[in-house]
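Engineer: Can you read through this structure? Questions will come right after.
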Amino acid sequence: MDNYIHLSLSERITLETGLSSGKSLNVIARDMGRSRSTLAREIKTNRKAVYKGSFGRGANNCAHFMSCKLKNVCERCFRPNTFCTLCGKCNELCQSYAPAQCKKLIGTPFCCNSCPKHGNCALKRYRYEAAAADRKAASRLSELRTGIVLSQSELENLDQLVSPLIRKGQSIHHIYVHHADEMPCSERTLYSLVDSGCLKARNLDLPRKARRQLPRKRKEHKVDRLCRQGRSYADYHDYLELHPDCAATLMDSVLGCTGSNKVLLTLFWPQAQFLLIRLRDRNTARSVSDCFDELARTLGPFRFNKLFPFILTDNGSEFSNPAALEQNAACRIFYCDPLQSNQKSPIERVHQFIREVLPKGSSFDLLEQPDFDLLASHINSYSRPSLIDRTPFDVFELLYGTQTLELLRIQRIPHDLVTLKPALLKKTWPNMK
């Protein structure tokens with residue numbers, strides 16, 4: 001009777017206890033009064049990945065782990081008489097690598113809670129933990145119920161239909177009555193789209209809406225509401241363990257004052273402390289994908305893949321279309337946990353240089369992309385103690401070459417001419433305080 005009700009925390013604790021004691025899913029399901037398939041889906045969906053070595057062994061997910069005798073598979077090996085299976089780097093480089101298939105993970109119980117070899121296993125394994133599973137399920141449920149369900153193409157077609165009519169003085173109700181068959185959403189959703197800034201029309205274009213109090217919490221438009229599946233912060237760490245030689249690029253947005261349309265897309269390479277700034281006309285997912293399309297055309301496939309092996313960003317609606325960003329190359333998009341901006345703290349800290357020149361409350365509407373190329377050049381020519389008093393420009397040039405900097409339009413600024421004050425852009429914006 002309760003098969004269609006979400007599992008509670010107490011039920012998840014009962015499930016974890018049963019799995020740890022070695023009970024079968026049939027027995028646990030009978031004791032809980034739940035369907036066996038419900039518990040199986042719960043375990044596979046909310047289990048926690050564990051991928052680390054033990055007892056001096058590195059993480060190694062190869063099926064030939066126990067019998068392999070290969071040595072010196074990679075150039076990084078500094079112990080010539082040691083088998084490569086102990087460090088686990090062969091998972092990336094060895095041509096004989098085959099992923100292991102543990103029977104406990106393919107079939108029931110789908111986790112390693114009761115496995116006696118769990119503490120001494122170097123394979124990728126999974127544990128079911130009730131508290132972590134409950135948090136993961138609650139977070140997923142919250143994300144599914146937020147945002148507006150419209151694709152980017154549907155949103156653009158709706159904007160082309162509705163915004164010109166609103167600017168003629170027509171009310172949303174009048175528009176909806178005569179175009180209901182062409183609308184992919186309800187009348188109430190149209191108000192939410194205008195309120196959240198997803199359409200070109202604004203609240204001030206509505207003759208009566210601006211006079212009444214608006215709700216404080218605004219809905220945001222997410223192109224793909226399931227974009228975090230397989231791209232969470234935990235998945236990011238799993239990917240990082242499999243690709244230790246790759247460094248993540250951090251991505252974020254910087255907003256101007258209230259009412260300003262233009263926003264900034266910032267890209268940051270922590271290993272070089274290098275910042276790239278791109279100006280966008282609106283804070284939408286399409287504007288972000290357009291920036292990546294422009295970078296892919298400018299840099300070419302080889303340089304683009306080298307600069308963007310994988311990207312870590314936050315949960316903003318402008319980053320909710322990862323498929324459009326990943327189609328440019330073989331890069332992967334990952335997301336921080338909700339309300340955890342500290343997980344990408346390096347890019348948050350470097351934003352202080354932008355705010356030195358453009359304080360909070362500044363508008364970007366009168367600025368153009370060359371202004372931000374100049375700003376990025378000054379920021380990247382500023383020496384950092386973390387780089388042993390070198391500049392990000394020097395380190396980035398060493399890692400990626402001079403031609404890449406030329407394609408990105410970043411120049412070296414002499415150290416005595418570096419300016420990180422509003423005067424840097426006063427010629428472009430003379431009224432700026």
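A note on labels: chains of the structure tokens are A, B, ... as shown, every chain counts residues from 1, and ligands are counted from 1 in their shown order.
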As an mmCIF file with N, CA and C atoms, in the first residue's frame, please: the residues near A:Gln273 (cut-off 10 Å, only C-alpha atoms, same-chain neighbours under 5 positions excluded).
Structural biologist:
data_model
loop_
_atom_site.group_PDB
_atom_site.id
_atom_site.type_symbol
_atom_site.label_atom_id
_atom_site.label_comp_id
_atom_site.auth_asym_id
_atom_site.auth_seq_id
_atom_site.Cartn_x
_atom_site.Cartn_y
_atom_site.Cartn_z
ATOM 1 N N PHE A 268 38.448 30.344 -15.289
ATOM 2 C CA PHE A 268 39.639 30.456 -14.451
ATOM 3 C C PHE A 268 40.400 29.135 -14.436
ATOM 4 N N PRO A 346 38.695 29.278 -5.623
ATOM 5 C CA PRO A 346 39.700 30.073 -6.353
ATOM 6 C C PRO A 346 39.103 31.114 -7.291
ATOM 7 N N ILE A 347 38.042 30.759 -8.005
ATOM 8 C CA ILE A 347 37.457 31.737 -8.935
ATOM 9 C C ILE A 347 36.668 32.796 -8.171
ATOM 10 N N VAL A 350 39.299 35.379 -7.128
ATOM 11 C CA VAL A 350 39.867 36.210 -8.186
ATOM 12 C C VAL A 350 38.875 37.271 -8.654
ATOM 13 N N ILE A 379 44.746 42.093 -14.982
ATOM 14 C CA ILE A 379 44.655 41.143 -13.872
ATOM 15 C C ILE A 379 45.690 40.033 -14.020
ATOM 16 N N ASN A 380 45.881 39.551 -15.255
ATOM 17 C CA ASN A 380 46.812 38.448 -15.486
ATOM 18 C C ASN A 380 48.274 38.899 -15.524
ATOM 19 N N ARG A 384 51.703 37.156 -8.364
ATOM 20 C CA ARG A 384 51.044 36.454 -7.264
ATOM 21 C C ARG A 384 52.077 35.721 -6.409
ATOM 22 N N SER A 386 51.517 33.100 -4.723
ATOM 23 C CA SER A 386 51.294 31.667 -4.902
ATOM 24 C C SER A 386 51.998 31.116 -6.132
ATOM 25 N N LEU A 387 52.391 32.001 -7.054
ATOM 26 C CA LEU A 387 53.130 31.589 -8.257
ATOM 27 C C LEU A 387 54.611 31.941 -8.127
ATOM 28 N N THR A 391 53.696 36.091 -12.775
ATOM 29 C CA THR A 391 52.354 36.518 -13.143
ATOM 30 C C THR A 391 51.596 35.354 -13.781
ATOM 31 N N PRO A 392 50.272 35.354 -13.708
ATOM 32 C CA PRO A 392 49.490 34.333 -14.419
ATOM 33 C C PRO A 392 49.789 34.298 -15.915
ATOM 34 N N PHE A 393 50.087 35.454 -16.487
ATOM 35 C CA PHE A 393 50.430 35.507 -17.904
ATOM 36 C C PHE A 393 51.654 34.631 -18.190
ATOM 37 N N VAL A 395 52.916 32.049 -16.420
ATOM 38 C CA VAL A 395 52.670 30.617 -16.209
ATOM 39 C C VAL A 395 51.775 30.061 -17.311
ATOM 40 N N PHE A 396 50.751 30.799 -17.698
ATOM 41 C CA PHE A 396 49.857 30.347 -18.757
ATOM 42 C C PHE A 396 50.605 30.241 -20.090
#
Engineer: Skip A:Lys71 itself and residues of its chain fewer than 2 positions away, then list as a list in words all residues within 6 Å of it, counting only C-alpha atoms.
Structural biologist: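 Residues meeting the cut-off are Val73, Phe83 and Cys84 of chain A.
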Engineer: Next, the residues of the selection above should be written as a JSON list (two decimals), in the first residue's frame with N, CA and C atoms.
Structural biologist:
[["chain", "number", "residue", "atom", "x", "y", "z"],
["A", 73, "VAL", "N", 54.64, 0.78, -17.39],
["A", 73, "VAL", "CA", 53.65, 1.11, -18.41],
["A", 73, "VAL", "C", 53.67, 2.61, -18.72],
["A", 83, "PHE", "N", 55.26, -3.54, -9.75],
["A", 83, "PHE", "CA", 54.18, -3.76, -10.70],
["A", 83, "PHE", "C", 53.29, -2.52, -10.81],
["A", 84, "CYS", "N", 52.85, -2.24, -12.03],
["A", 84, "CYS", "CA", 52.03, -1.04, -12.27],
["A", 84, "CYS", "C", 50.65, -1.15, -11.62]]
Engineer: Which residues are close to A:Ser21, i.e. within 10 Å by only C-alpha atoms, leaving aside same-chain residues fewer than 4 positions away? Reply as a list in words.
Structural biologist: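 Near A:Ser21, the qualifying residues are Leu15, Glu16, Thr17, Asn113, Ser114 and Cys115 of chain A.
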Engineer: Within 7 Å of stretch 362-375 of chain A, counting only C-alpha atoms, which residues qualify if same-chain residues fewer than 4 places away don't, as a PyMOL selection string?
Structural biologist: chain A and resi 256-257+260-263+277-279+358+379+409-410+428-429
Engineer: Considering only C-alpha atoms, can you say which of A:Ala137, A:Leu165, A:Leu7, A:Met251 comes closest to A:Glu348?
Structural biologist: A:Met251
Engineer: Per DSSP on the backbone, what are the alpha helix (DSSP H) residues of stretch 268-326 of chain A, as a list in words?
Structural biologist: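 Taking stretch 268-326 of chain A and keeping alpha helix (DSSP H) only, one gets Ala285, Arg286, Ser287, Val288, Ser289, Asp290, Cys291, Phe292, Asp293, Glu294, Leu295, Ala296, Arg297, Thr298, Leu299, Gly300, Pro301, Phe302, Arg303, Phe304, Asn305, Lys306, Leu307, Pro322, Ala323, Ala324, Leu325 and Glu326 of chain A.
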Engineer: Might you pull out every residue within 9 Å of A:Ile311, with only C-alpha atoms counted and same-chain residues fewer than 2 positions away left off, and present them as number ranges by chain?
Structural biologist: A: 247-251, 308-309, 313, 331-335
Engineer: Pull the strand (DSSP E or B) assignments for stretch 77-278 of chain A out of DSSP run on the backbone, and list those residues as a PyMOL selection string.
Structural biologist: chain A and resi 99+125-127+148+221+249-254+263-269+274-278
Engineer: With N, CA and C atoms kept, could you save the residues just selected as a tab-separated table (two decimals), in the first residue's frame?
Structural biologist:
chain	number	residue	atom	x	y	z
A	99	PRO	N	37.71	-2.89	-17.70
A	99	PRO	CA	37.04	-2.56	-16.43
A	99	PRO	C	36.51	-3.81	-15.73
A	125	ARG	N	34.03	0.67	-5.85
A	125	ARG	CA	32.97	0.00	-5.14
A	125	ARG	C	31.94	1.02	-4.64
A	126	TYR	N	30.85	0.50	-4.14
A	126	TYR	CA	29.76	1.37	-3.69
A	126	TYR	C	29.29	0.95	-2.30
A	127	ARG	N	28.96	1.95	-1.50
A	127	ARG	CA	28.36	1.72	-0.20
A	127	ARG	C	27.01	2.44	-0.13
A	148	ILE	N	11.56	26.40	-14.50
A	148	ILE	CA	10.49	26.41	-15.49
A	148	ILE	C	10.85	25.42	-16.58
A	221	HIS	N	14.88	29.82	-15.00
A	221	HIS	CA	14.65	28.89	-16.10
A	221	HIS	C	15.85	27.99	-16.28
A	249	THR	N	38.90	23.47	-15.22
A	249	THR	CA	38.69	24.90	-15.44
A	249	THR	C	37.45	25.31	-14.65
A	250	LEU	N	37.52	26.38	-13.90
A	250	LEU	CA	36.39	26.86	-13.11
A	250	LEU	C	35.60	27.91	-13.89
A	251	MET	N	34.29	27.88	-13.76
A	251	MET	CA	33.43	28.79	-14.52
A	251	MET	C	32.40	29.42	-13.60
A	252	ASP	N	32.12	30.71	-13.84
A	252	ASP	CA	31.17	31.43	-12.99
A	252	ASP	C	30.62	32.63	-13.75
A	253	SER	N	29.67	33.31	-13.15
A	253	SER	CA	29.09	34.54	-13.72
A	253	SER	C	29.29	35.69	-12.74
A	254	VAL	N	29.46	36.89	-13.28
A	254	VAL	CA	29.53	38.11	-12.48
A	254	VAL	C	28.43	39.03	-12.98
A	263	VAL	N	26.06	40.71	-18.59
A	263	VAL	CA	26.72	40.01	-17.48
A	263	VAL	C	28.04	39.45	-18.00
A	264	LEU	N	28.88	39.00	-17.07
A	264	LEU	CA	30.19	38.48	-17.42
A	264	LEU	C	30.22	36.97	-17.22
A	265	LEU	N	30.90	36.28	-18.13
A	265	LEU	CA	31.25	34.88	-17.96
A	265	LEU	C	32.74	34.83	-17.66
A	266	THR	N	33.09	34.25	-16.52
A	266	THR	CA	34.50	34.16	-16.13
A	266	THR	C	34.96	32.71	-16.18
A	267	LEU	N	36.15	32.50	-16.73
A	267	LEU	CA	36.78	31.18	-16.82
A	267	LEU	C	38.14	31.28	-16.16
A	268	PHE	N	38.45	30.34	-15.29
A	268	PHE	CA	39.64	30.46	-14.45
A	268	PHE	C	40.40	29.13	-14.44
A	269	TRP	N	41.73	29.21	-14.68
A	269	TRP	CA	42.61	28.05	-14.64
A	269	TRP	C	43.44	28.14	-13.35
A	274	PHE	N	45.01	32.03	-13.95
A	274	PHE	CA	44.72	32.81	-15.16
A	274	PHE	C	43.22	33.00	-15.30
A	275	LEU	N	42.80	34.23	-15.58
A	275	LEU	CA	41.39	34.58	-15.69
A	275	LEU	C	41.06	35.05	-17.10
A	276	LEU	N	39.97	34.53	-17.64
A	276	LEU	CA	39.45	34.95	-18.94
A	276	LEU	C	38.04	35.48	-18.73
A	277	ILE	N	37.72	36.61	-19.34
A	277	ILE	CA	36.42	37.25	-19.16
A	277	ILE	C	35.73	37.38	-20.52
A	278	ARG	N	34.47	36.97	-20.56
A	278	ARG	CA	33.67	37.12	-21.77
A	278	ARG	C	32.37	37.85	-21.42
Engineer: I need the residue nearest A:Leu226 from this list: A:Ser67, A:Ser37, A:Ser317, A:Ser24. Use only C-alpha atoms for the distance.
Structural biologist: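 Closest to A:Leu226 of all the choices is A:Ser317.
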